[in-house]
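Next comes input-v4.cif, with mmCIF, C-alpha atoms (C1' of nucleotides); chains and numbers go by the auth columns.
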data_query
loop_
_atom_site.group_PDB
_atom_site.id
_atom_site.type_symbol
_atom_site.label_atom_id
_atom_site.label_comp_id
_atom_site.label_asym_id
_atom_site.label_seq_id
_atom_site.Cartn_x
_atom_site.Cartn_y
_atom_site.Cartn_z
_atom_site.B_iso_or_equiv
_atom_site.auth_seq_id
_atom_site.auth_asym_id
ATOM 1 C CA MET A 1 4.704 9.241 -22.411 0.00 1219 A
ATOM 2 C CA SER A 2 6.231 10.186 -19.109 0.00 1220 A
ATOM 3 C CA PRO A 3 6.338 7.338 -16.614 0.00 1221 A
ATOM 4 C CA ASN A 4 4.037 7.484 -13.660 0.00 1222 A
ATOM 5 C CA ASN A 5 5.129 8.197 -10.115 0.00 1223 A
ATOM 6 C CA GLN A 6 4.906 4.617 -9.013 0.00 1224 A
ATOM 7 C CA THR A 7 7.320 3.495 -11.701 0.00 1225 A
ATOM 8 C CA VAL A 8 9.858 6.146 -10.773 0.00 1226 A
ATOM 9 C CA PHE A 9 9.671 5.596 -7.018 0.00 1227 A
ATOM 10 C CA LYS A 10 9.912 1.852 -7.413 0.00 1228 A
ATOM 11 C CA ALA A 11 12.908 2.282 -9.676 0.00 1229 A
ATOM 12 C CA LEU A 12 14.641 4.460 -7.091 0.00 1230 A
ATOM 13 C CA ALA A 13 13.804 2.112 -4.230 0.00 1231 A
ATOM 14 C CA ASP A 14 16.490 -0.438 -5.081 0.00 1232 A
ATOM 15 C CA PRO A 15 20.081 0.208 -3.971 0.00 1233 A
ATOM 16 C CA THR A 16 21.625 -1.451 -7.024 0.00 1234 A
ATOM 17 C CA ARG A 17 19.612 0.791 -9.308 0.00 1235 A
ATOM 18 C CA ARG A 18 20.618 3.881 -7.353 0.00 1236 A
ATOM 19 C CA ALA A 19 24.243 2.761 -7.644 0.00 1237 A
ATOM 20 C CA ILE A 20 23.770 2.394 -11.398 0.00 1238 A
ATOM 21 C CA ILE A 21 22.464 5.936 -11.511 0.00 1239 A
ATOM 22 C CA LYS A 22 25.472 7.087 -9.538 0.00 1240 A
ATOM 23 C CA THR A 23 27.928 5.421 -11.840 0.00 1241 A
ATOM 24 C CA LEU A 24 26.263 7.121 -14.796 0.00 1242 A
ATOM 25 C CA ARG A 25 26.427 10.573 -13.227 0.00 1243 A
ATOM 26 C CA LYS A 26 29.786 11.490 -14.711 0.00 1244 A
ATOM 27 C CA GLU A 27 29.610 9.708 -18.022 0.00 1245 A
ATOM 28 C CA SER A 28 27.579 7.333 -20.101 0.00 1246 A
ATOM 29 C CA LYS A 29 28.740 3.743 -20.066 0.00 1247 A
ATOM 30 C CA THR A 30 28.128 0.508 -21.904 0.00 1248 A
ATOM 31 C CA ALA A 31 26.210 -2.285 -20.249 0.00 1249 A
ATOM 32 C CA GLY A 32 29.423 -4.245 -19.949 0.00 1250 A
ATOM 33 C CA ALA A 33 31.346 -1.378 -18.371 0.00 1251 A
ATOM 34 C CA ILE A 34 28.605 -1.002 -15.811 0.00 1252 A
ATOM 35 C CA ALA A 35 28.544 -4.747 -15.242 0.00 1253 A
ATOM 36 C CA ASP A 36 32.254 -4.727 -14.430 0.00 1254 A
ATOM 37 C CA GLU A 37 31.487 -2.542 -11.422 0.00 1255 A
ATOM 38 C CA PHE A 38 28.815 -4.763 -9.925 0.00 1256 A
ATOM 39 C CA PRO A 39 29.025 -8.159 -8.286 0.00 1257 A
ATOM 40 C CA ILE A 40 25.845 -9.498 -9.862 0.00 1258 A
ATOM 41 C CA THR A 41 25.311 -11.184 -13.209 0.00 1259 A
ATOM 42 C CA ARG A 42 24.741 -9.298 -16.426 0.00 1260 A
ATOM 43 C CA ALA A 43 21.303 -10.849 -16.650 0.00 1261 A
ATOM 44 C CA SER A 44 20.374 -9.365 -13.304 0.00 1262 A
ATOM 45 C CA LEU A 45 21.749 -6.000 -14.348 0.00 1263 A
ATOM 46 C CA SER A 46 19.769 -6.138 -17.554 0.00 1264 A
ATOM 47 C CA HIS A 47 16.679 -6.551 -15.436 0.00 1265 A
ATOM 48 C CA HIS A 48 17.586 -3.395 -13.519 0.00 1266 A
ATOM 49 C CA PHE A 49 18.279 -1.561 -16.777 0.00 1267 A
ATOM 50 C CA ASN A 50 14.778 -2.390 -17.939 0.00 1268 A
ATOM 51 C CA ILE A 51 13.284 -0.938 -14.792 0.00 1269 A
ATOM 52 C CA LEU A 52 15.390 2.206 -15.054 0.00 1270 A
ATOM 53 C CA LYS A 53 14.356 2.587 -18.685 0.00 1271 A
ATOM 54 C CA SER A 54 10.679 2.134 -17.834 0.00 1272 A
ATOM 55 C CA ALA A 55 11.048 4.972 -15.379 0.00 1273 A
ATOM 56 C CA ASP A 56 12.823 6.997 -18.055 0.00 1274 A
ATOM 57 C CA LEU A 57 15.730 7.457 -15.677 0.00 1275 A
ATOM 58 C CA VAL A 58 18.161 6.195 -18.291 0.00 1276 A
ATOM 59 C CA ARG A 59 18.275 6.243 -22.065 0.00 1277 A
ATOM 60 C CA THR A 60 20.029 3.808 -24.365 0.00 1278 A
ATOM 61 C CA GLU A 61 21.814 4.029 -27.648 0.00 1279 A
ATOM 62 C CA ARG A 62 23.300 1.172 -29.565 0.00 1280 A
ATOM 63 C CA ARG A 63 26.878 1.659 -30.659 0.00 1281 A
ATOM 64 C CA GLY A 64 28.053 -1.363 -32.570 0.00 1282 A
ATOM 65 C CA GLN A 65 27.748 -4.406 -30.392 0.00 1283 A
ATOM 66 C CA HIS A 66 27.593 -2.225 -27.318 0.00 1284 A
ATOM 67 C CA ILE A 67 24.639 -0.542 -25.769 0.00 1285 A
ATOM 68 C CA VAL A 68 25.425 2.743 -24.119 0.00 1286 A
ATOM 69 C CA TYR A 69 23.426 3.796 -21.100 0.00 1287 A
ATOM 70 C CA SER A 70 23.021 7.462 -20.218 0.00 1288 A
ATOM 71 C CA LEU A 71 21.389 9.180 -17.314 0.00 1289 A
ATOM 72 C CA ASN A 72 18.316 11.197 -18.185 0.00 1290 A
ATOM 73 C CA VAL A 73 18.849 14.136 -15.869 0.00 1291 A
ATOM 74 C CA THR A 74 15.602 15.839 -16.813 0.00 1292 A
ATOM 75 C CA VAL A 75 13.800 13.301 -14.658 0.00 1293 A
ATOM 76 C CA LEU A 76 15.414 14.864 -11.611 0.00 1294 A
ATOM 77 C CA ASP A 77 13.154 17.862 -12.159 0.00 1295 A
ATOM 78 C CA ASP A 78 10.152 15.585 -12.424 0.00 1296 A
ATOM 79 C CA VAL A 79 10.985 13.747 -9.233 0.00 1297 A
ATOM 80 C CA ALA A 80 11.586 17.001 -7.408 0.00 1298 A
ATOM 81 C CA ALA A 81 8.186 18.225 -8.543 0.00 1299 A
ATOM 82 C CA ILE A 82 6.534 15.000 -7.467 0.00 1300 A
ATOM 83 C CA LEU A 83 8.124 15.260 -4.049 0.00 1301 A
ATOM 84 C CA TYR A 84 7.168 18.873 -3.725 0.00 1302 A
ATOM 85 C CA ASP A 85 3.594 18.018 -4.564 0.00 1303 A
ATOM 86 C CA LEU A 86 3.665 15.063 -2.214 0.00 1304 A
ATOM 87 C CA PHE A 87 4.661 17.156 0.763 0.00 1305 A
ATOM 88 C CA SER A 88 3.059 20.417 -0.171 0.00 1306 A
ATOM 89 C CA SER A 89 -0.027 21.509 1.727 0.00 1307 A
ATOM 90 C CA THR A 90 -1.382 23.631 -1.101 0.00 1308 A
ATOM 91 C CA ASP A 91 -4.742 22.892 -2.581 0.00 1309 A
ATOM 92 C CA LYS A 92 -3.819 22.271 -6.162 0.00 1310 A
ATOM 93 C CA VAL A 93 -5.360 19.421 -8.050 0.00 1311 A
ATOM 94 C CA SER A 94 -3.255 16.308 -7.863 0.00 1312 A
ATOM 95 C CA ASP A 95 -3.300 12.999 -9.668 0.00 1313 A
ATOM 96 C CA ARG A 96 -2.934 11.170 -6.339 0.00 1314 A
ATOM 97 C CA SER A 97 -0.295 8.950 -7.899 0.00 1315 A
ATOM 98 C CA MET B 1 19.731 8.846 14.035 0.00 860 H
ATOM 99 C CA SER B 2 18.438 9.930 10.690 0.00 861 H
ATOM 100 C CA PRO B 3 17.104 7.069 8.596 0.00 862 H
ATOM 101 C CA ASN B 4 19.205 5.875 5.701 0.00 863 H
ATOM 102 C CA ASN B 5 18.389 6.431 2.076 0.00 864 H
ATOM 103 C CA GLN B 6 17.170 2.936 1.519 0.00 865 H
ATOM 104 C CA THR B 7 14.583 3.242 4.267 0.00 866 H
ATOM 105 C CA VAL B 8 13.267 6.512 2.885 0.00 867 H
ATOM 106 C CA PHE B 9 13.117 5.394 -0.730 0.00 868 H
ATOM 107 C CA LYS B 10 11.448 2.140 0.216 0.00 869 H
ATOM 108 C CA ALA B 11 8.926 4.041 2.285 0.00 870 H
ATOM 109 C CA LEU B 12 8.094 6.308 -0.638 0.00 871 H
ATOM 110 C CA ALA B 13 7.842 3.431 -3.104 0.00 872 H
ATOM 111 C CA ASP B 14 4.404 2.293 -1.964 0.00 873 H
ATOM 112 C CA PRO B 15 1.308 4.113 -3.262 0.00 874 H
ATOM 113 C CA THR B 16 -0.636 3.653 -0.044 0.00 875 H
ATOM 114 C CA ARG B 17 2.157 5.250 1.953 0.00 876 H
ATOM 115 C CA ARG B 18 2.364 8.157 -0.468 0.00 877 H
ATOM 116 C CA ALA B 19 -1.379 8.594 -0.102 0.00 878 H
ATOM 117 C CA ILE B 20 -0.971 8.617 3.672 0.00 879 H
ATOM 118 C CA ILE B 21 1.612 11.365 3.302 0.00 880 H
ATOM 119 C CA LYS B 22 -0.785 13.279 1.087 0.00 881 H
ATOM 120 C CA THR B 23 -3.620 13.054 3.551 0.00 882 H
ATOM 121 C CA LEU B 24 -1.329 14.388 6.269 0.00 883 H
ATOM 122 C CA ARG B 25 -0.178 17.365 4.216 0.00 884 H
ATOM 123 C CA LYS B 26 -2.866 19.705 5.455 0.00 885 H
ATOM 124 C CA GLU B 27 -3.301 18.525 8.981 0.00 886 H
ATOM 125 C CA SER B 28 -2.273 15.880 11.444 0.00 887 H
ATOM 126 C CA LYS B 29 -4.756 13.056 11.920 0.00 888 H
ATOM 127 C CA THR B 30 -5.380 10.157 14.225 0.00 889 H
ATOM 128 C CA ALA B 31 -4.746 6.630 13.052 0.00 890 H
ATOM 129 C CA GLY B 32 -8.486 6.050 12.968 0.00 891 H
ATOM 130 C CA ALA B 33 -9.186 9.170 10.922 0.00 892 H
ATOM 131 C CA ILE B 34 -6.595 8.059 8.397 0.00 893 H
ATOM 132 C CA ALA B 35 -8.004 4.547 8.396 0.00 894 H
ATOM 133 C CA ASP B 36 -11.443 5.893 7.482 0.00 895 H
ATOM 134 C CA GLU B 37 -9.984 7.124 4.206 0.00 896 H
ATOM 135 C CA PHE B 38 -8.447 3.846 3.136 0.00 897 H
ATOM 136 C CA PRO B 39 -10.002 0.577 2.019 0.00 898 H
ATOM 137 C CA ILE B 40 -7.530 -1.637 3.860 0.00 899 H
ATOM 138 C CA THR B 41 -7.572 -2.896 7.423 0.00 900 H
ATOM 139 C CA ARG B 42 -6.224 -0.925 10.348 0.00 901 H
ATOM 140 C CA ALA B 43 -3.635 -3.620 10.895 0.00 902 H
ATOM 141 C CA SER B 44 -2.328 -3.126 7.376 0.00 903 H
ATOM 142 C CA LEU B 45 -2.261 0.614 7.872 0.00 904 H
ATOM 143 C CA SER B 46 -0.391 0.193 11.127 0.00 905 H
ATOM 144 C CA HIS B 47 2.237 -1.700 9.176 0.00 906 H
ATOM 145 C CA HIS B 48 2.547 1.250 6.787 0.00 907 H
ATOM 146 C CA PHE B 49 2.735 3.658 9.729 0.00 908 H
ATOM 147 C CA ASN B 50 5.685 1.719 11.085 0.00 909 H
ATOM 148 C CA ILE B 51 7.501 2.000 7.799 0.00 910 H
ATOM 149 C CA LEU B 52 6.797 5.716 7.544 0.00 911 H
ATOM 150 C CA LYS B 53 8.006 6.197 11.099 0.00 912 H
ATOM 151 C CA SER B 54 11.188 4.229 10.434 0.00 913 H
ATOM 152 C CA ALA B 55 11.877 6.599 7.580 0.00 914 H
ATOM 153 C CA ASP B 56 11.108 9.523 9.888 0.00 915 H
ATOM 154 C CA LEU B 57 8.525 10.715 7.377 0.00 916 H
ATOM 155 C CA VAL B 58 5.873 10.888 10.080 0.00 917 H
ATOM 156 C CA ARG B 59 5.917 11.528 13.802 0.00 918 H
ATOM 157 C CA THR B 60 3.440 10.352 16.388 0.00 919 H
ATOM 158 C CA GLU B 61 1.962 11.721 19.548 0.00 920 H
ATOM 159 C CA ARG B 62 -0.451 9.987 21.839 0.00 921 H
ATOM 160 C CA ARG B 63 -3.533 12.011 22.749 0.00 922 H
ATOM 161 C CA GLY B 64 -5.698 9.983 25.063 0.00 923 H
ATOM 162 C CA GLN B 65 -6.676 6.779 23.353 0.00 924 H
ATOM 163 C CA HIS B 66 -5.783 8.254 19.989 0.00 925 H
ATOM 164 C CA ILE B 67 -2.451 8.413 18.312 0.00 926 H
ATOM 165 C CA VAL B 68 -1.957 11.464 16.169 0.00 927 H
ATOM 166 C CA TYR B 69 0.183 11.194 13.070 0.00 928 H
ATOM 167 C CA SER B 70 1.961 14.237 11.673 0.00 929 H
ATOM 168 C CA LEU B 71 4.039 14.737 8.591 0.00 930 H
ATOM 169 C CA ASN B 72 7.697 15.495 9.239 0.00 931 H
ATOM 170 C CA VAL B 73 8.280 18.008 6.481 0.00 932 H
ATOM 171 C CA THR B 74 11.951 18.441 7.258 0.00 933 H
ATOM 172 C CA VAL B 75 12.555 15.126 5.560 0.00 934 H
ATOM 173 C CA LEU B 76 11.583 16.700 2.284 0.00 935 H
ATOM 174 C CA ASP B 77 14.836 18.637 2.440 0.00 936 H
ATOM 175 C CA ASP B 78 16.719 15.437 3.118 0.00 937 H
ATOM 176 C CA VAL B 79 15.133 13.617 0.222 0.00 938 H
ATOM 177 C CA ALA B 80 15.786 16.544 -2.081 0.00 939 H
ATOM 178 C CA ALA B 81 19.438 16.486 -1.030 0.00 940 H
ATOM 179 C CA ILE B 82 19.653 12.756 -1.574 0.00 941 H
ATOM 180 C CA LEU B 83 18.189 13.121 -5.037 0.00 942 H
ATOM 181 C CA TYR B 84 20.465 15.988 -5.878 0.00 943 H
ATOM 182 C CA ASP B 85 23.457 13.941 -4.807 0.00 944 H
ATOM 183 C CA LEU B 86 22.164 10.926 -6.697 0.00 945 H
ATOM 184 C CA PHE B 87 21.991 12.770 -9.984 0.00 946 H
ATOM 185 C CA SER B 88 24.756 15.258 -9.492 0.00 947 H
ATOM 186 C CA SER B 89 27.983 14.747 -11.391 0.00 948 H
ATOM 187 C CA THR B 90 30.128 16.512 -8.815 0.00 949 H
ATOM 188 C CA ASP B 91 32.954 14.720 -7.132 0.00 950 H
ATOM 189 C CA LYS B 92 31.984 14.977 -3.535 0.00 951 H
ATOM 190 C CA VAL B 93 32.306 12.031 -1.253 0.00 952 H
ATOM 191 C CA SER B 94 29.151 10.030 -1.041 0.00 953 H
ATOM 192 C CA ASP B 95 27.937 7.289 1.214 0.00 954 H
ATOM 193 C CA ARG B 96 26.761 5.299 -1.797 0.00 955 H
ATOM 194 C CA SER B 97 23.488 4.544 -0.055 0.00 956 H
ATOM 195 C "C1'" DA C 1 -12.844 -3.295 38.030 0.00 509 T
ATOM 196 C "C1'" DT C 2 -15.585 -3.884 33.591 0.00 510 T
ATOM 197 C "C1'" DG C 3 -16.673 -2.800 29.187 0.00 511 T
ATOM 198 C "C1'" DA C 4 -15.960 -0.072 25.145 0.00 512 T
ATOM 199 C "C1'" DT C 5 -12.976 2.201 21.906 0.00 513 T
ATOM 200 C "C1'" DA C 6 -8.394 2.867 19.568 0.00 514 T
ATOM 201 C "C1'" DT C 7 -4.358 1.037 17.940 0.00 515 T
ATOM 202 C "C1'" DT C 8 -0.688 -2.273 17.453 0.00 516 T
ATOM 203 C "C1'" DT C 9 1.421 -6.903 17.213 0.00 517 T
ATOM 204 C "C1'" DA C 10 1.730 -11.782 15.762 0.00 518 T
ATOM 205 C "C1'" DG C 11 1.373 -15.078 12.401 0.00 519 T
ATOM 206 C "C1'" DA C 12 -0.146 -16.749 7.865 0.00 520 T
ATOM 207 C "C1'" DC C 13 -0.336 -16.243 2.940 0.00 521 T
ATOM 208 C "C1'" DA C 14 -0.300 -14.636 -1.869 0.00 522 T
ATOM 209 C "C1'" DA C 15 1.940 -11.504 -4.971 0.00 523 T
ATOM 210 C "C1'" DA C 16 5.970 -8.987 -6.248 0.00 524 T
ATOM 211 C "C1'" DT C 17 10.910 -8.830 -6.736 0.00 525 T
ATOM 212 C "C1'" DA C 18 15.994 -9.640 -7.135 0.00 526 T
ATOM 213 C "C1'" DT C 19 18.841 -13.007 -8.359 0.00 527 T
ATOM 214 C "C1'" DC C 20 20.639 -16.999 -10.860 0.00 528 T
ATOM 215 C "C1'" DT C 21 21.635 -20.331 -14.968 0.00 529 T
ATOM 216 C "C1'" DA C 22 20.861 -21.349 -19.580 0.00 530 T
ATOM 217 C "C1'" DA C 23 19.451 -20.040 -23.977 0.00 531 T
ATOM 218 C "C1'" DA C 24 18.478 -16.514 -27.502 0.00 532 T
ATOM 219 C "C1'" DT C 25 19.440 -12.363 -30.186 0.00 533 T
ATOM 220 C "C1'" DA C 26 22.567 -8.918 -32.276 0.00 534 T
ATOM 221 C "C1'" DA C 27 26.755 -7.174 -34.162 0.00 535 T
ATOM 222 C "C1'" DT C 28 31.750 -7.801 -35.324 0.00 536 T
ATOM 223 C "C1'" DT C 29 35.710 -10.180 -37.259 0.00 537 T
ATOM 224 C "C1'" DG C 30 38.318 -13.632 -39.610 0.00 538 T
ATOM 225 C "C1'" DC D 1 29.491 -18.164 -43.078 0.00 1451 R
ATOM 226 C "C1'" DA D 2 31.413 -19.480 -38.565 0.00 1452 R
ATOM 227 C "C1'" DA D 3 33.281 -18.028 -34.337 0.00 1453 R
ATOM 228 C "C1'" DT D 4 33.454 -14.440 -30.898 0.00 1454 R
ATOM 229 C "C1'" DT D 5 31.793 -10.812 -28.111 0.00 1455 R
ATOM 230 C "C1'" DA D 6 27.946 -8.078 -26.042 0.00 1456 R
ATOM 231 C "C1'" DT D 7 23.588 -7.954 -24.284 0.00 1457 R
ATOM 232 C "C1'" DT D 8 18.967 -9.489 -23.416 0.00 1458 R
ATOM 233 C "C1'" DT D 9 15.237 -12.845 -22.554 0.00 1459 R
ATOM 234 C "C1'" DA D 10 13.176 -16.994 -20.416 0.00 1460 R
ATOM 235 C "C1'" DG D 11 12.324 -19.637 -16.644 0.00 1461 R
ATOM 236 C "C1'" DA D 12 13.245 -21.075 -11.859 0.00 1462 R
ATOM 237 C "C1'" DT D 13 13.819 -19.919 -7.011 0.00 1463 R
ATOM 238 C "C1'" DA D 14 14.367 -17.646 -2.545 0.00 1464 R
ATOM 239 C "C1'" DT D 15 13.324 -13.426 -0.231 0.00 1465 R
ATOM 240 C "C1'" DT D 16 10.592 -9.464 0.572 0.00 1466 R
ATOM 241 C "C1'" DT D 17 6.343 -7.211 0.935 0.00 1467 R
ATOM 242 C "C1'" DG D 18 1.425 -5.932 1.463 0.00 1468 R
ATOM 243 C "C1'" DT D 19 -2.551 -7.741 3.153 0.00 1469 R
ATOM 244 C "C1'" DC D 20 -5.570 -10.344 6.160 0.00 1470 R
ATOM 245 C "C1'" DT D 21 -7.591 -12.386 10.685 0.00 1471 R
ATOM 246 C "C1'" DA D 22 -7.100 -12.938 15.424 0.00 1472 R
ATOM 247 C "C1'" DA D 23 -5.174 -11.593 19.597 0.00 1473 R
ATOM 248 C "C1'" DA D 24 -2.840 -8.233 22.579 0.00 1474 R
ATOM 249 C "C1'" DT D 25 -2.096 -3.666 24.599 0.00 1475 R
ATOM 250 C "C1'" DA D 26 -3.569 0.940 26.001 0.00 1476 R
ATOM 251 C "C1'" DT D 27 -6.745 4.421 27.346 0.00 1477 R
ATOM 252 C "C1'" DC D 28 -11.216 6.114 28.660 0.00 1478 R
ATOM 253 C "C1'" DA D 29 -15.830 5.942 30.860 0.00 1479 R
ATOM 254 C "C1'" DT D 30 -19.150 4.011 33.795 0.00 1480 R
#

The structure in this file should be written as C-alpha cells.
Amino acid sequence: MSPNNQTVFKALADPTRRAIIKTLRKESKTAGAIADEFPITRASLSHHFNILKSADLVRTERRGQHIVYSLNVTVLDDVAAILYDLFSSTDKVSDRS
Amino acid sequence: MSPNNQTVFKALADPTRRAIIKTLRKESKTAGAIADEFPITRASLSHHFNILKSADLVRTERRGQHIVYSLNVTVLDDVAAILYDLFSSTDKVSDRS
DNA sequence: ATGATATTTAGACAAATATCTAAATAATTG
DNA sequence: CAATTATTTAGATATTTGTCTAAATATCAT
C-alpha cells in the first residue's frame, strides 16, 4: 500500500513538485487553481500530479468538474523515518530501499 | 556554502547513492572499499561520490593513495528542516527551493 | 625513475524525465 | 443533446542522468 522510498524521493527531487507541495500546505486546491500559479501547461502539471499521487504525497477528490488536490501530511512522518533510518548507525534490519 | 535543496534532494533520489550513505553509516570507508560492495564500475561510483559531495552529504579525506569517504550527519538536520518547511503550513518566509 | 595500486576525469550512449501539442474523457449548463 | 469548462491521456521531443570504457592523475614501493 504505502509507496516505496524510491517513489517518494523521486517525487521530492523535482522543484516543480516541491512547489506544488508548498502551495498545498495551507489549503487544498483544484488542479486549475494550482495550474494558475505555474508557468507550465496543465498537461505537464497533470504529469506531476500523477507522480505526487504515486508517492502518496497528495490525495484527490472529485468535486463536480473539479478535482481537488490535498497534501497528505502523514507522509512527512514516513519520510522523516526513512531519513532517520538512512543516516542512523544503529543495527536494525532495513529494507535497503 | 551549504548546498541548495535541489542538490540534496537530487542526491537522495538515486538508490545507489542512498545505499552508499547506508554503507557509510557505521564507519568511514575508502572509495575502493565502497566499490567492493557495489556491482557497478568505480568510474560510475566516482560520479555518485561527486554528487554526494556536491550535496555535502559526504566528506572526503585523502589517506595515502586512498580517499576516505565519511558521512556528514549534520546534513540530516538540514534535510529534516527542509522537509518540515516543505510540509509546514506556517507563514514564514521561504526560499521556495 | 619505474611499476603497481587507487581514484578520478573525459567522452559516448541508452534509459529516464520534463515538457509540449493535440486529442480524449468527465461533468455542467443551456 | 450540444456546447462549455476542467482535467487527463497519448505521443513526440529535448534534456538529464546513470552507466560504461579508456585515459589521466596521484600516491606508494622498489

For the reference chain H, what are the coordinates of chain A after least-squares fitting (all Cα, in-order pairing), as a CSV table (one decimal) with C-alpha atoms, keeping the file's coordinate frame?
chain,number,residue,atom,x,y,z
A,1219,MET,CA,19.6,9.0,14.1
A,1220,SER,CA,18.4,10.0,10.7
A,1221,PRO,CA,17.2,7.0,8.6
A,1222,ASN,CA,19.2,5.8,5.7
A,1223,ASN,CA,18.4,6.4,2.1
A,1224,GLN,CA,17.2,2.9,1.5
A,1225,THR,CA,14.6,3.2,4.3
A,1226,VAL,CA,13.3,6.5,2.9
A,1227,PHE,CA,13.1,5.4,-0.7
A,1228,LYS,CA,11.4,2.1,0.2
A,1229,ALA,CA,8.9,4.0,2.3
A,1230,LEU,CA,8.1,6.3,-0.6
A,1231,ALA,CA,7.9,3.4,-3.1
A,1232,ASP,CA,4.4,2.3,-1.9
A,1233,PRO,CA,1.3,4.1,-3.2
A,1234,THR,CA,-0.6,3.6,0.0
A,1235,ARG,CA,2.2,5.2,2.0
A,1236,ARG,CA,2.4,8.1,-0.5
A,1237,ALA,CA,-1.4,8.6,-0.1
A,1238,ILE,CA,-1.0,8.6,3.7
A,1239,ILE,CA,1.6,11.3,3.3
A,1240,LYS,CA,-0.8,13.3,1.1
A,1241,THR,CA,-3.6,13.1,3.6
A,1242,LEU,CA,-1.3,14.4,6.3
A,1243,ARG,CA,-0.2,17.4,4.2
A,1244,LYS,CA,-2.8,19.7,5.4
A,1245,GLU,CA,-3.3,18.5,9.0
A,1246,SER,CA,-2.3,15.9,11.4
A,1247,LYS,CA,-4.7,13.1,11.9
A,1248,THR,CA,-5.4,10.1,14.2
A,1249,ALA,CA,-4.8,6.6,13.0
A,1250,GLY,CA,-8.5,6.1,12.9
A,1251,ALA,CA,-9.2,9.2,10.9
A,1252,ILE,CA,-6.6,8.1,8.4
A,1253,ALA,CA,-8.0,4.6,8.4
A,1254,ASP,CA,-11.5,5.9,7.5
A,1255,GLU,CA,-10.0,7.2,4.2
A,1256,PHE,CA,-8.5,3.9,3.1
A,1257,PRO,CA,-10.0,0.6,2.0
A,1258,ILE,CA,-7.6,-1.6,3.9
A,1259,THR,CA,-7.6,-2.9,7.4
A,1260,ARG,CA,-6.3,-0.9,10.3
A,1261,ALA,CA,-3.7,-3.6,10.9
A,1262,SER,CA,-2.4,-3.1,7.4
A,1263,LEU,CA,-2.3,0.6,7.9
A,1264,SER,CA,-0.4,0.2,11.1
A,1265,HIS,CA,2.2,-1.7,9.2
A,1266,HIS,CA,2.5,1.2,6.8
A,1267,PHE,CA,2.7,3.7,9.7
A,1268,ASN,CA,5.6,1.7,11.1
A,1269,ILE,CA,7.5,2.0,7.8
A,1270,LEU,CA,6.8,5.7,7.6
A,1271,LYS,CA,8.0,6.2,11.1
A,1272,SER,CA,11.2,4.2,10.5
A,1273,ALA,CA,11.9,6.6,7.6
A,1274,ASP,CA,11.1,9.5,9.9
A,1275,LEU,CA,8.5,10.7,7.4
A,1276,VAL,CA,5.9,10.9,10.1
A,1277,ARG,CA,5.9,11.5,13.8
A,1278,THR,CA,3.4,10.3,16.4
A,1279,GLU,CA,2.0,11.7,19.6
A,1280,ARG,CA,-0.4,10.0,21.8
A,1281,ARG,CA,-3.5,12.0,22.7
A,1282,GLY,CA,-5.7,10.0,25.0
A,1283,GLN,CA,-6.7,6.8,23.3
A,1284,HIS,CA,-5.8,8.2,20.0
A,1285,ILE,CA,-2.5,8.4,18.3
A,1286,VAL,CA,-2.0,11.4,16.2
A,1287,TYR,CA,0.2,11.2,13.1
A,1288,SER,CA,2.0,14.2,11.7
A,1289,LEU,CA,4.1,14.7,8.6
A,1290,ASN,CA,7.7,15.5,9.2
A,1291,VAL,CA,8.3,18.0,6.5
A,1292,THR,CA,12.0,18.4,7.3
A,1293,VAL,CA,12.6,15.1,5.6
A,1294,LEU,CA,11.6,16.7,2.3
A,1295,ASP,CA,14.9,18.6,2.5
A,1296,ASP,CA,16.7,15.4,3.1
A,1297,VAL,CA,15.2,13.6,0.2
A,1298,ALA,CA,15.8,16.5,-2.1
A,1299,ALA,CA,19.5,16.5,-1.0
A,1300,ILE,CA,19.7,12.7,-1.6
A,1301,LEU,CA,18.2,13.1,-5.0
A,1302,TYR,CA,20.5,16.0,-5.9
A,1303,ASP,CA,23.5,13.9,-4.8
A,1304,LEU,CA,22.2,10.9,-6.7
A,1305,PHE,CA,22.0,12.8,-10.0
A,1306,SER,CA,24.8,15.2,-9.5
A,1307,SER,CA,28.0,14.7,-11.4
A,1308,THR,CA,30.1,16.5,-8.9
A,1309,ASP,CA,33.0,14.8,-7.2
A,1310,LYS,CA,32.0,15.1,-3.6
A,1311,VAL,CA,32.4,12.2,-1.3
A,1312,SER,CA,29.2,10.2,-1.1
A,1313,ASP,CA,28.0,7.4,1.2
A,1314,ARG,CA,26.9,5.4,-1.9
A,1315,SER,CA,23.6,4.6,-0.1

Picked residues, the PyMOL selection byres ((chain R and resi 1463-1471) around 12), as a ChimeraX atom specification
/H:869-870,872-876,898-907,910 /T:518-529 /R:1461-1462,1472-1473

For the PyMOL selection byres ((chain R) within 10 of (chain A)), applied here, can you spell out every residue it catches as number ranges by chain?
R: 1455-1459

Output C-alpha atoms (C1' of nucleotides) for every residue in the selection just made, as a short mmCIF file (atom, residue, chain, number, x, y, z; two decimals), in the frame of the given file.
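What ended up in out.cif:
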data_model
loop_
_atom_site.label_atom_id
_atom_site.label_comp_id
_atom_site.auth_asym_id
_atom_site.auth_seq_id
_atom_site.Cartn_x
_atom_site.Cartn_y
_atom_site.Cartn_z
"C1'" DT R 1455 31.79 -10.81 -28.11
"C1'" DA R 1456 27.95 -8.08 -26.04
"C1'" DT R 1457 23.59 -7.95 -24.28
"C1'" DT R 1458 18.97 -9.49 -23.42
"C1'" DT R 1459 15.24 -12.84 -22.55
#

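The closest residue to chain T, picked from H:Ala914, H:Ala892, H:Leu942, H:Val867 and counting all atoms listed in the file, is H:Ala892.
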
Let me know the residues the PyMOL selection byres ((chain H) within 7 of (chain A)) catches in the file above, as a list in words.
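For this structure, the PyMOL selection byres ((chain H) within 7 of (chain A)) captures Gln865, Phe868, Lys869, Leu871, Ala872, Pro874, Ala878, Ile880, Lys881, Arg884, Lys885, Val932, Ala939, Leu945, Phe946, Ser947, Ser948, Arg955 and Ser956 of chain H.
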
What's the separation between atom CA of Ser1272 of chain A and atom CA of Pro1221 of chain A, in Å to one decimal place?
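Interatomic distance, atom CA of Ser1272 of chain A to atom CA of Pro1221 of chain A: 6.9 Å.
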
Just how far from atom C1' of DA531 of chain T is atom C1' of DA1460 of chain R, in Å to one decimal?
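According to the coordinates, atom C1' of DA1460 of chain R and atom C1' of DA531 of chain T are separated by 7.8 Å.
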